[in-house]
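Listing of coords.cif, mmCIF, C-alpha atoms and all ligand atoms
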data_coords
#
loop_
_atom_site.label_atom_id
_atom_site.label_comp_id
_atom_site.auth_asym_id
_atom_site.auth_seq_id
_atom_site.Cartn_x
_atom_site.Cartn_y
_atom_site.Cartn_z
CA MET A 164 0.00 0.00 0.00
CA ASN A 165 1.49 3.36 -0.92
CA LEU A 166 1.66 6.30 1.42
CA GLU A 167 -1.01 8.28 -0.41
CA ARG A 168 -3.48 5.39 -0.08
CA ILE A 169 -2.76 4.97 3.64
CA SER A 170 -3.33 8.63 4.34
CA ARG A 171 -6.60 8.55 2.31
CA ILE A 172 -7.89 5.62 4.41
CA ALA A 173 -6.78 7.31 7.62
CA GLY A 174 -8.58 10.46 6.55
CA LEU A 175 -11.75 8.48 5.84
CA LEU A 176 -11.58 6.80 9.23
CA LEU A 177 -11.08 10.10 11.01
CA GLY A 178 -13.98 11.59 9.11
CA PHE A 179 -16.20 8.68 10.06
CA GLY A 180 -15.14 9.02 13.71
CA ALA A 181 -16.07 12.70 13.75
CA PHE A 182 -19.42 11.94 12.08
CA ALA A 183 -20.19 9.18 14.55
CA PHE A 184 -19.32 11.46 17.44
CA ALA A 185 -21.47 14.28 16.07
CA THR A 186 -24.49 12.02 15.62
CA GLY A 187 -24.06 10.50 19.03
CA ALA A 188 -23.43 6.97 17.74
CA CYS A 189 -20.40 6.68 20.01
CA ALA A 190 -21.77 8.69 22.91
CA GLU A 191 -22.32 6.86 26.14
CA THR A 192 -24.30 8.01 29.14
CA THR A 193 -23.41 6.68 32.56
CA LEU A 194 -26.19 6.94 35.10
CA LYS A 195 -25.29 6.68 38.74
CA ILE A 196 -27.91 5.20 41.00
CA PHE A 197 -27.96 5.21 44.76
CA VAL A 198 -29.11 1.90 46.23
CA THR A 199 -29.76 0.87 49.82
CA SER A 200 -27.49 -1.91 50.97
CA GLN A 201 -30.54 -3.55 52.59
CA GLY A 202 -32.14 -3.78 49.16
CA GLN A 203 -29.68 -6.41 47.91
CA PRO A 204 -27.40 -4.47 45.54
CA GLY A 205 -26.02 -7.62 43.87
CA ILE A 206 -29.47 -8.55 42.62
CA TRP A 207 -30.19 -5.02 41.41
CA ARG A 208 -26.97 -5.32 39.43
CA THR A 209 -28.41 -8.23 37.46
CA VAL A 210 -31.47 -6.22 36.40
CA LEU A 211 -29.22 -3.27 35.53
CA ASP A 212 -27.06 -5.52 33.36
CA GLN A 213 -30.22 -6.50 31.51
CA TYR A 214 -31.10 -2.80 31.09
CA GLU A 215 -27.65 -2.02 29.70
CA ALA A 216 -27.93 -4.90 27.23
CA ARG A 217 -31.27 -3.54 26.00
CA ASN A 218 -30.12 0.07 25.87
CA PRO A 219 -26.78 0.35 24.07
CA GLY A 220 -25.02 3.55 25.00
CA VAL A 221 -26.34 3.57 28.58
CA LYS A 222 -24.27 2.33 31.48
CA VAL A 223 -25.55 2.27 35.04
CA ALA A 224 -23.22 2.44 38.03
CA ILE A 225 -24.37 1.62 41.56
CA GLU A 226 -23.40 3.69 44.55
CA LEU A 227 -24.08 2.15 47.95
CA GLY A 228 -25.18 4.11 50.95
CA GLY A 229 -24.60 3.54 54.64
CA ALA A 230 -25.75 0.41 56.41
CA THR A 231 -29.09 1.79 57.61
CA SER A 232 -31.87 3.93 56.20
CA ASP A 233 -31.03 6.86 58.49
CA LEU A 234 -27.32 6.85 57.53
CA GLN A 235 -28.28 6.72 53.87
CA ALA A 236 -30.62 9.67 54.33
CA GLN A 237 -27.87 11.61 56.08
CA TYR A 238 -25.58 11.03 53.12
CA LEU A 239 -28.21 12.01 50.56
CA ASN A 240 -29.06 15.13 52.58
CA THR A 241 -25.43 16.25 52.28
CA VAL A 242 -25.13 15.47 48.58
CA LEU A 243 -28.44 17.07 47.63
CA THR A 244 -28.10 20.14 49.83
CA ALA A 245 -24.92 20.82 47.86
CA LYS A 246 -26.98 20.40 44.61
CA ASP A 247 -24.43 17.79 43.59
CA SER A 248 -25.23 16.35 40.16
CA SER A 249 -23.28 13.10 40.48
CA LEU A 250 -26.29 10.96 41.44
CA ASP A 251 -29.02 10.52 38.82
CA VAL A 252 -31.41 8.06 40.47
CA LEU A 253 -32.08 7.72 44.19
CA MET A 254 -33.54 4.76 46.04
CA LEU A 255 -35.56 6.28 48.86
CA ASP A 256 -37.13 4.72 51.92
CA VAL A 257 -40.96 5.00 51.74
CA ILE A 258 -40.91 7.70 54.44
CA ARG A 259 -38.85 10.09 52.32
CA PRO A 260 -40.49 11.01 48.99
CA ALA A 261 -42.62 13.71 50.67
CA GLN A 262 -39.56 15.30 52.31
CA PHE A 263 -37.40 15.08 49.18
CA ALA A 264 -40.12 16.55 47.00
CA ALA A 265 -40.70 19.41 49.46
CA ALA A 266 -36.96 20.14 49.45
CA GLY A 267 -36.94 20.23 45.63
CA TRP A 268 -34.48 17.34 45.48
CA THR A 269 -36.47 15.09 43.14
CA SER A 270 -37.99 15.80 39.74
CA PRO A 271 -41.66 14.98 39.20
CA ILE A 272 -42.22 11.96 36.97
CA ALA A 273 -45.03 12.96 34.65
CA SER A 274 -47.86 10.92 33.15
CA GLU A 275 -47.45 7.82 35.24
CA ASN A 276 -50.54 5.76 35.93
CA MET A 277 -50.20 4.74 39.55
CA SER A 278 -53.35 2.60 39.77
CA SER A 279 -51.54 -0.67 39.10
CA TYR A 280 -49.41 -0.30 42.25
CA LEU A 281 -50.60 -1.22 45.75
CA ARG A 282 -52.44 1.82 47.07
CA ALA A 283 -50.01 2.66 49.91
CA TYR A 284 -47.19 3.05 47.40
CA ALA A 285 -49.22 5.03 44.92
CA GLU A 286 -50.00 7.39 47.81
CA ALA A 287 -46.49 7.57 49.27
CA ASN A 288 -45.14 8.63 45.89
CA THR A 289 -47.77 11.21 45.03
CA VAL A 290 -47.32 14.64 46.58
CA ASP A 291 -49.80 17.44 45.82
CA GLY A 292 -51.12 15.47 42.87
CA LYS A 293 -47.67 14.96 41.35
CA VAL A 294 -45.87 11.64 41.07
CA VAL A 295 -42.49 12.32 42.68
CA ALA A 296 -41.03 8.78 42.67
CA LEU A 297 -41.97 5.26 41.56
CA PRO A 298 -42.11 2.16 43.79
CA ALA A 299 -39.08 -0.14 43.97
CA PHE A 300 -40.43 -2.74 46.39
CA ALA A 301 -43.01 -3.10 49.15
CA ASP A 302 -42.20 -4.11 52.69
CA SER A 303 -43.49 -4.58 56.19
CA MET A 304 -42.27 -6.03 59.45
CA PHE A 305 -42.94 -9.71 60.07
CA LEU A 306 -42.33 -12.28 62.76
CA TYR A 307 -39.71 -14.79 61.67
CA TYR A 308 -39.71 -17.94 63.75
CA ARG A 309 -37.96 -21.28 64.02
CA LYS A 310 -40.59 -23.71 62.77
CA ASP A 311 -38.47 -26.68 63.85
CA LEU A 312 -38.29 -25.49 67.47
CA LEU A 313 -41.95 -24.53 67.66
CA ASP A 314 -42.87 -27.98 66.32
CA LYS A 315 -40.53 -29.68 68.78
CA TYR A 316 -42.31 -28.03 71.74
CA GLY A 317 -45.81 -28.33 70.29
CA LEU A 318 -46.22 -24.56 69.88
CA GLN A 319 -48.14 -22.47 67.34
CA PRO A 320 -46.76 -19.14 66.07
CA PRO A 321 -47.75 -16.64 68.79
CA THR A 322 -50.46 -14.08 68.10
CA THR A 323 -49.72 -11.97 71.19
CA TRP A 324 -46.42 -10.74 72.65
CA ASP A 325 -47.30 -12.50 75.93
CA GLU A 326 -47.68 -15.79 74.07
CA LEU A 327 -44.33 -15.13 72.41
CA ALA A 328 -42.62 -14.59 75.78
CA ALA A 329 -44.15 -17.83 77.14
CA ALA A 330 -43.11 -19.79 74.03
CA ALA A 331 -39.58 -18.37 74.18
CA LYS A 332 -39.33 -19.39 77.84
CA LYS A 333 -40.55 -22.90 77.18
CA ILE A 334 -38.02 -23.36 74.37
CA ALA A 335 -35.18 -21.84 76.44
CA ASP A 336 -35.97 -24.19 79.37
CA GLY A 337 -36.00 -27.18 77.06
CA GLU A 338 -32.97 -26.34 74.96
CA GLN A 339 -30.64 -25.15 77.73
CA ASN A 340 -28.58 -23.35 75.09
CA PRO A 341 -27.18 -20.05 76.43
CA SER A 342 -26.44 -18.73 72.95
CA LEU A 343 -30.07 -19.13 71.82
CA GLN A 344 -31.97 -15.82 72.11
CA GLY A 345 -35.75 -15.91 72.48
CA LEU A 346 -36.41 -12.73 70.50
CA SER A 347 -34.33 -10.34 68.43
CA PHE A 348 -35.64 -6.92 67.44
CA GLN A 349 -34.16 -3.49 66.63
CA GLY A 350 -33.18 -1.45 69.66
CA LYS A 351 -30.36 0.58 68.15
CA ALA A 352 -31.16 4.23 67.44
CA ILE A 353 -31.81 3.49 63.74
CA GLU A 354 -34.87 4.10 61.56
CA GLY A 355 -36.13 0.59 62.26
CA ALA A 356 -36.49 1.49 65.96
CA VAL A 357 -39.27 3.93 65.00
CA CYS A 358 -41.27 0.87 63.93
CA THR A 359 -40.17 -0.98 67.07
CA PHE A 360 -41.96 1.73 69.05
CA LEU A 361 -44.99 2.11 66.81
CA VAL A 362 -45.96 -1.55 66.41
CA PRO A 363 -47.17 -2.18 70.01
CA TYR A 364 -48.42 1.42 70.21
CA TRP A 365 -50.65 0.93 67.16
CA SER A 366 -51.62 -2.50 68.45
CA GLN A 367 -53.41 -0.73 71.31
CA GLY A 368 -55.56 1.06 68.73
CA LYS A 369 -53.68 4.34 69.08
CA VAL A 370 -52.54 6.77 66.39
CA VAL A 371 -49.96 9.57 66.23
CA VAL A 372 -51.79 11.87 63.82
CA LYS A 373 -55.57 12.03 63.46
CA ASP A 374 -57.30 14.17 60.83
CA GLY A 375 -54.02 15.99 60.27
CA LYS A 376 -53.61 16.79 63.98
CA PHE A 377 -51.16 15.42 66.52
CA ASP A 378 -52.99 12.87 68.66
CA PHE A 379 -50.86 10.97 71.14
CA ASP A 380 -51.57 8.54 73.96
CA ARG A 381 -48.76 8.76 76.47
CA GLU A 382 -49.89 5.76 78.47
CA ALA A 383 -49.97 3.52 75.39
CA ALA A 384 -46.53 4.84 74.44
CA ALA A 385 -45.14 3.94 77.88
CA LYS A 386 -46.68 0.49 77.55
CA SER A 387 -44.99 -0.02 74.19
CA LEU A 388 -41.59 0.99 75.55
CA ALA A 389 -42.08 -1.16 78.66
CA LEU A 390 -42.96 -4.19 76.53
CA TRP A 391 -39.60 -4.09 74.77
CA LYS A 392 -37.66 -3.27 77.95
CA ASN A 393 -39.27 -6.22 79.73
CA PHE A 394 -38.14 -8.56 76.97
CA ALA A 395 -34.56 -7.54 77.68
CA ASP A 396 -34.96 -7.51 81.49
CA SER A 397 -36.57 -10.95 81.57
CA GLY A 398 -33.94 -12.51 79.30
CA VAL A 399 -36.25 -13.17 76.33
CA ALA A 400 -34.12 -10.70 74.34
CA LYS A 401 -30.43 -10.21 74.92
CA LYS A 402 -29.23 -7.62 77.41
CA ASN A 403 -27.52 -5.43 74.82
CA ILE A 404 -30.55 -5.24 72.53
CA ALA A 405 -29.95 -1.44 72.46
CA GLU A 406 -27.04 -2.19 70.12
CA VAL A 407 -28.98 -4.34 67.67
CA ALA A 408 -29.73 -3.02 64.15
CA THR A 409 -31.82 -4.71 61.46
CA ASP A 410 -29.07 -6.64 59.80
CA ASP A 411 -27.72 -7.84 63.17
CA THR A 412 -31.10 -9.46 63.79
CA ARG A 413 -30.92 -11.04 60.34
CA LYS A 414 -27.42 -12.39 60.85
CA GLU A 415 -28.10 -13.83 64.30
CA PHE A 416 -31.31 -15.49 63.17
CA GLN A 417 -29.59 -16.88 60.10
CA ALA A 418 -26.80 -18.30 62.27
CA GLY A 419 -29.42 -20.27 64.22
CA ASN A 420 -29.11 -18.19 67.42
CA VAL A 421 -32.62 -16.75 67.60
CA VAL A 422 -36.08 -18.34 68.02
CA PHE A 423 -38.23 -15.30 67.11
CA ALA A 424 -37.08 -12.29 65.09
CA VAL A 425 -38.77 -9.08 64.03
CA ASN A 426 -37.60 -8.30 60.53
CA TRP A 427 -38.45 -7.11 57.03
CA ALA A 428 -38.97 -9.29 53.95
CA TYR A 429 -35.40 -9.07 52.61
CA ALA A 430 -34.17 -11.32 55.44
CA TRP A 431 -36.00 -14.32 54.00
CA ALA A 432 -33.81 -14.75 50.88
CA MET A 433 -30.71 -14.67 53.05
CA THR A 434 -32.02 -17.31 55.45
CA GLN A 435 -32.38 -19.56 52.39
CA GLY A 436 -28.78 -19.19 51.18
CA ALA A 437 -25.98 -21.75 51.28
CA ASP A 438 -24.38 -20.09 54.30
CA SER A 439 -27.59 -20.17 56.38
CA ALA A 440 -27.89 -22.50 59.38
CA VAL A 441 -31.70 -22.42 59.24
CA VAL A 442 -32.66 -23.49 55.70
CA GLY A 443 -36.01 -25.31 55.84
CA LYS A 444 -36.55 -24.33 59.50
CA VAL A 445 -38.03 -20.86 59.08
CA GLY A 446 -41.64 -19.71 59.29
CA VAL A 447 -42.95 -16.18 58.76
CA ALA A 448 -46.12 -14.82 60.38
CA ARG A 449 -47.89 -11.60 61.26
CA LEU A 450 -46.36 -9.71 64.16
CA PRO A 451 -48.11 -10.47 67.46
CA ALA A 452 -50.51 -8.07 69.20
CA VAL A 453 -50.46 -6.56 72.66
CA THR A 454 -52.84 -8.79 74.67
CA GLY A 455 -56.37 -7.53 74.01
CA GLY A 456 -55.19 -5.46 71.04
CA GLU A 457 -55.00 -5.95 67.28
CA GLN A 458 -52.06 -7.31 65.29
CA ALA A 459 -50.35 -4.33 63.69
CA THR A 460 -47.28 -3.83 61.56
CA CYS A 461 -45.22 -1.06 60.07
CA LEU A 462 -45.34 -0.22 56.36
CA GLY A 463 -41.89 -0.22 54.78
CA GLY A 464 -40.62 -0.20 51.24
CA TRP A 465 -38.35 1.74 48.91
CA GLU A 466 -38.95 4.06 45.97
CA TRP A 467 -37.03 5.30 42.94
CA GLY A 468 -36.65 9.05 42.60
CA VAL A 469 -34.85 11.09 39.93
CA SER A 470 -32.46 13.65 41.36
CA ALA A 471 -33.47 17.19 40.46
CA PHE A 472 -29.76 17.88 39.90
CA SER A 473 -29.17 15.02 37.46
CA LYS A 474 -27.86 16.15 34.07
CA HIS A 475 -29.61 13.16 32.46
CA GLN A 476 -33.27 13.73 33.35
CA GLU A 477 -34.87 11.82 30.47
CA GLU A 478 -32.52 8.84 30.66
CA ALA A 479 -32.92 8.69 34.43
CA LYS A 480 -36.74 8.68 34.19
CA LYS A 481 -36.64 5.94 31.60
CA LEU A 482 -34.44 3.84 33.87
CA VAL A 483 -36.74 4.44 36.85
CA GLU A 484 -39.74 3.28 34.82
CA TYR A 485 -37.92 0.06 34.00
CA LEU A 486 -36.80 -0.49 37.61
CA SER A 487 -40.35 0.01 38.81
CA SER A 488 -41.89 -2.33 36.19
CA PRO A 489 -43.75 -5.60 36.93
CA GLU A 490 -40.92 -7.41 35.16
CA VAL A 491 -38.26 -6.15 37.58
CA SER A 492 -40.57 -6.41 40.60
CA LYS A 493 -41.01 -10.11 39.82
CA ILE A 494 -37.27 -10.73 39.48
CA MET A 495 -36.58 -8.97 42.78
CA ALA A 496 -39.33 -10.96 44.52
CA ILE A 497 -37.93 -14.26 43.28
CA LYS A 498 -34.24 -13.55 43.76
CA GLY A 499 -34.24 -11.16 46.71
CA SER A 500 -37.56 -11.86 48.51
CA LEU A 501 -38.47 -8.20 48.08
CA LEU A 502 -42.24 -7.80 48.24
CA PRO A 503 -43.95 -6.80 44.99
CA THR A 504 -45.63 -3.42 44.67
CA TYR A 505 -48.08 -4.97 42.18
CA GLY A 506 -51.00 -6.94 43.67
CA LYS A 507 -51.07 -9.46 40.81
CA LEU A 508 -47.53 -10.67 41.58
CA TYR A 509 -48.62 -12.02 44.98
CA LYS A 510 -50.50 -14.68 43.03
CA ASP A 511 -47.77 -15.33 40.48
CA ALA A 512 -46.81 -19.03 40.44
CA ASP A 513 -43.06 -18.37 40.02
CA VAL A 514 -43.05 -15.86 42.88
CA ILE A 515 -44.91 -18.19 45.24
CA LYS A 516 -42.67 -21.08 44.32
CA ALA A 517 -39.61 -19.01 45.29
CA VAL A 518 -41.15 -17.41 48.40
CA PRO A 519 -44.16 -19.50 49.50
CA TRP A 520 -45.22 -17.15 52.32
CA PHE A 521 -45.74 -14.28 49.85
CA ALA A 522 -49.03 -16.03 49.01
CA ASP A 523 -50.39 -14.73 52.35
CA ALA A 524 -48.42 -11.49 52.53
CA GLN A 525 -50.56 -9.12 50.47
CA PRO A 526 -53.23 -8.49 53.13
CA ILE A 527 -50.46 -7.87 55.69
CA VAL A 528 -48.78 -5.28 53.48
CA GLU A 529 -52.14 -3.74 52.62
CA THR A 530 -53.08 -3.26 56.27
CA ALA A 531 -49.60 -2.20 57.43
CA LYS A 532 -49.61 1.27 58.95
CA PRO A 533 -47.51 4.12 57.59
CA ARG A 534 -45.19 6.12 59.80
CA PRO A 535 -46.27 9.78 60.01
CA VAL A 536 -46.04 11.41 56.58
CA THR A 537 -44.42 14.83 56.89
CA PRO A 538 -41.61 16.84 55.30
CA ARG A 539 -40.20 17.00 58.87
CA TYR A 540 -39.99 13.23 59.11
CA ASN A 541 -36.27 13.30 60.03
CA GLU A 542 -37.11 15.04 63.30
CA VAL A 543 -39.98 12.66 64.03
CA SER A 544 -37.68 9.72 63.47
CA GLU A 545 -34.90 11.13 65.60
CA ALA A 546 -37.25 11.84 68.52
CA ILE A 547 -38.61 8.30 68.53
CA ARG A 548 -35.56 6.19 67.75
CA THR A 549 -33.20 7.90 70.21
CA THR A 550 -35.77 7.50 72.98
CA VAL A 551 -36.43 3.81 72.23
CA ASN A 552 -32.68 3.30 72.39
CA ALA A 553 -32.31 5.25 75.67
CA VAL A 554 -35.07 3.18 77.31
CA LEU A 555 -33.52 -0.10 76.19
CA ALA A 556 -30.08 1.04 77.32
CA GLY A 557 -31.59 1.74 80.75
CA VAL A 558 -30.88 5.48 80.58
CA THR A 559 -34.56 6.50 80.58
CA THR A 560 -37.65 4.81 82.07
CA PRO A 561 -40.54 3.86 79.77
CA ALA A 562 -42.74 6.53 81.44
CA ASP A 563 -40.15 9.28 80.97
CA GLY A 564 -39.42 8.06 77.45
CA ALA A 565 -43.12 8.30 76.55
CA ALA A 566 -43.28 11.85 77.94
CA GLN A 567 -40.18 12.84 75.96
CA ILE A 568 -41.54 11.42 72.71
CA GLU A 569 -44.83 13.24 73.30
CA ALA A 570 -43.17 16.58 74.02
CA ARG A 571 -40.86 16.38 71.02
CA LEU A 572 -43.49 15.17 68.53
CA LYS A 573 -45.93 17.81 69.70
CA ARG A 574 -43.47 20.53 68.67
CA ILE A 575 -42.74 18.90 65.31
CA LEU A 576 -46.24 17.78 64.29
CA ARG A 577 -48.54 20.41 65.75
C1 LIG B 601 -36.74 -1.65 55.74
C2 LIG B 601 -38.01 -0.97 55.30
C3 LIG B 601 -37.89 0.52 55.44
C4 LIG B 601 -37.51 0.82 56.87
C5 LIG B 601 -36.20 0.18 57.21
C6 LIG B 601 -35.85 0.44 58.66
O1 LIG B 601 -35.73 -1.42 54.81
O2 LIG B 601 -38.34 -1.30 53.98
O3 LIG B 601 -39.08 1.16 55.09
O4 LIG B 601 -37.47 2.20 57.14
O5 LIG B 601 -36.28 -1.20 56.99
O6 LIG B 601 -34.72 -0.23 59.06
#
Would you mind writing the structure in this file as structure tokens?
Ligand code: GLC
Amino acid sequence: MNLERISRIAGLLLGFGAFAFATGACAETTLKIFVTSQGQPGIWRTVLDQYEARNPGVKVAIELGGATSDLQAQYLNTVLTAKDSSLDVLMLDVIRPAQFAAAGWTSPIASENMSSYLRAYAEANTVDGKVVALPAFADSMFLYYRKDLLDKYGLQPPTTWDELAAAAKKIADGEQNPSLQGLSFQGKAIEGAVCTFLVPYWSQGKVVVKDGKFDFDREAAAKSLALWKNFADSGVAKKNIAEVATDDTRKEFQAGNVVFAVNWAYAWAMTQGADSAVVGKVGVARLPAVTGGEQATCLGGWEWGVSAFSKHQEEAKKLVEYLSSPEVSKIMAIKGSLLPTYGKLYKDADVIKAVPWFADAQPIVETAKPRPVTPRYNEVSEAIRTTVNAVLAGVTTPADGAAQIEARLKRILR
């Protein structure tokens, strides 16, 4: 090949490169999405790989937040207050879309028909008539229990906390195993401890907000705090329960060291893994009631928002629509035991085969109670979770704790 020919070919190639660049054929967008570590990032990666394969030119990178919902929120607060554009899509705990929308941190997602989602999630993501985020997965707190041990002692899953204490005692007496805890729940000052407080409070038929007004029952609050403190004092729960966060409960239950555990749906998939000591020994039921009360649980779940500061608004919205689709919801249910936000998936044969107890979970999710919805939710959370923790650590009495929660919430929610 002579020199002239080589330079002609090189020129052609350069020209083609410039054309391709100008028309965007070579352009690549990388979207960065913030995912909760509790939401099983490895499994989200598989659905993102599928998205990338279907959308040439789009890459999606995952950024992980802190270990708990409150730490993740703290991080996002810092990033978004600085109007940082590095995150495009945000996975938000169900308690946050209202706050993020009020702060102007998420972009509305127009023209989305929310009627196919479970109602609680359609509502949590709609603020002043605008859709501000789309559901990722549903959630609520359940009672995990050791089916093998309950069977061994002829016990049924408890429907009251008193029955649970009696069952735990019977099993402890029989097993004589000092490393076996009767009950594990969340006593650390994390977001989950807000639900720890609210579950027995609601079970007594009480509310925090009624017709938009603060409505608190201090006696019921003290009873809720005392219930948890008594579990620790009587040895049903371990003494340092004030240090236990959600994933500690999951790990200890999975290691075979816990009879009853309060936890969210994600824990199930992990108890079924190769490194679990309890495969085939786990049952899941409604959380028990306070004696004489109703069984109540806390509504959880996570949502996908588009950062208002993202430089890729359209691409980010398209990705969020995919992540919130029935297709992805089904994959996450099967692989990660994350509860679907679509009612029809609770009857899906593949989902029920993978997670048999999902067949009975829809009415539990549908009657789960939401934590107070307010743009000032961070303050509500802080008031409750730090007090729950102080009571369990023995720093505050249940009666004083109830008075403190009342005084602080009154200022925030009035
Ligand atoms: C779960 C729930 C979420 C809740 C959190 C508390 O992830 O889905 O709503 O706030 O646990 O630990």
With distances taken over all atoms listed in the file, which of A:Ile527, A:Val198, A:Val221, A:Leu361 is nearest to Leu250 (chain A)?
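Counting all atoms listed in the file, the residue closest to Leu250 (chain A) is A:Val198.
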Report task. Go through A:Lys369, A:Arg259, A:Lys376, A:Arg548 and flag the residue nearest Lys573 (chain A), using all atoms listed in the file for the distances. Result ->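 When distances to Lys573 (chain A) are compared using all atoms listed in the file, the smallest one comes from A:Lys376.
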Rank nothing, just name the residue among A:Leu462, A:Ala565, A:Ala335, A:Val370 nearest to Leu502 (chain A), using all atoms listed in the file.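 Smallest separation from Leu502 (chain A) among the options: A:Leu462.
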- Item | Within 8 Å of region 427-431 of chain A using all atoms listed in the file, minus same-chain residues under 2 positions, as number ranges by chain | A: 201-203, 302-305, 413, 425, 433-435, 499-502
(Q) Neighbouring residues of ligand LIG 601 (chain B) are defined here as those with any atom at most 6 Å from a ligand atom, counting all atoms listed in the file; list them as a PyMOL selection string. (A) chain A and resi 232+256-257+302+354-355+409+427+463-465
**OP:** Considering all atoms listed in the file, state which residue in the set A:Thr322, A:Thr550, A:Thr504, A:Thr192 is at the smallest distance from Phe360 (chain A).
**Re:**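 Ranking A:Thr322, A:Thr550, A:Thr504, A:Thr192 by distance to Phe360 (chain A), first place goes to A:Thr550.
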Looking at only C-alpha atoms, which of A:Thr244, A:Gln367, A:Gln417, A:Asn288 is the one that sits closest to Ala452 (chain A)?
->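 Answer, going by the shortest atom-to-atom distance: A:Gln367.
The spacing separating CA of Glu529 (chain A) from CA of Ser488 (chain A) amounts to 19.4 Å.
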note - CA of Ala356 (chain A) and CA of Val294 (chain A) are separated by 28.5 Å
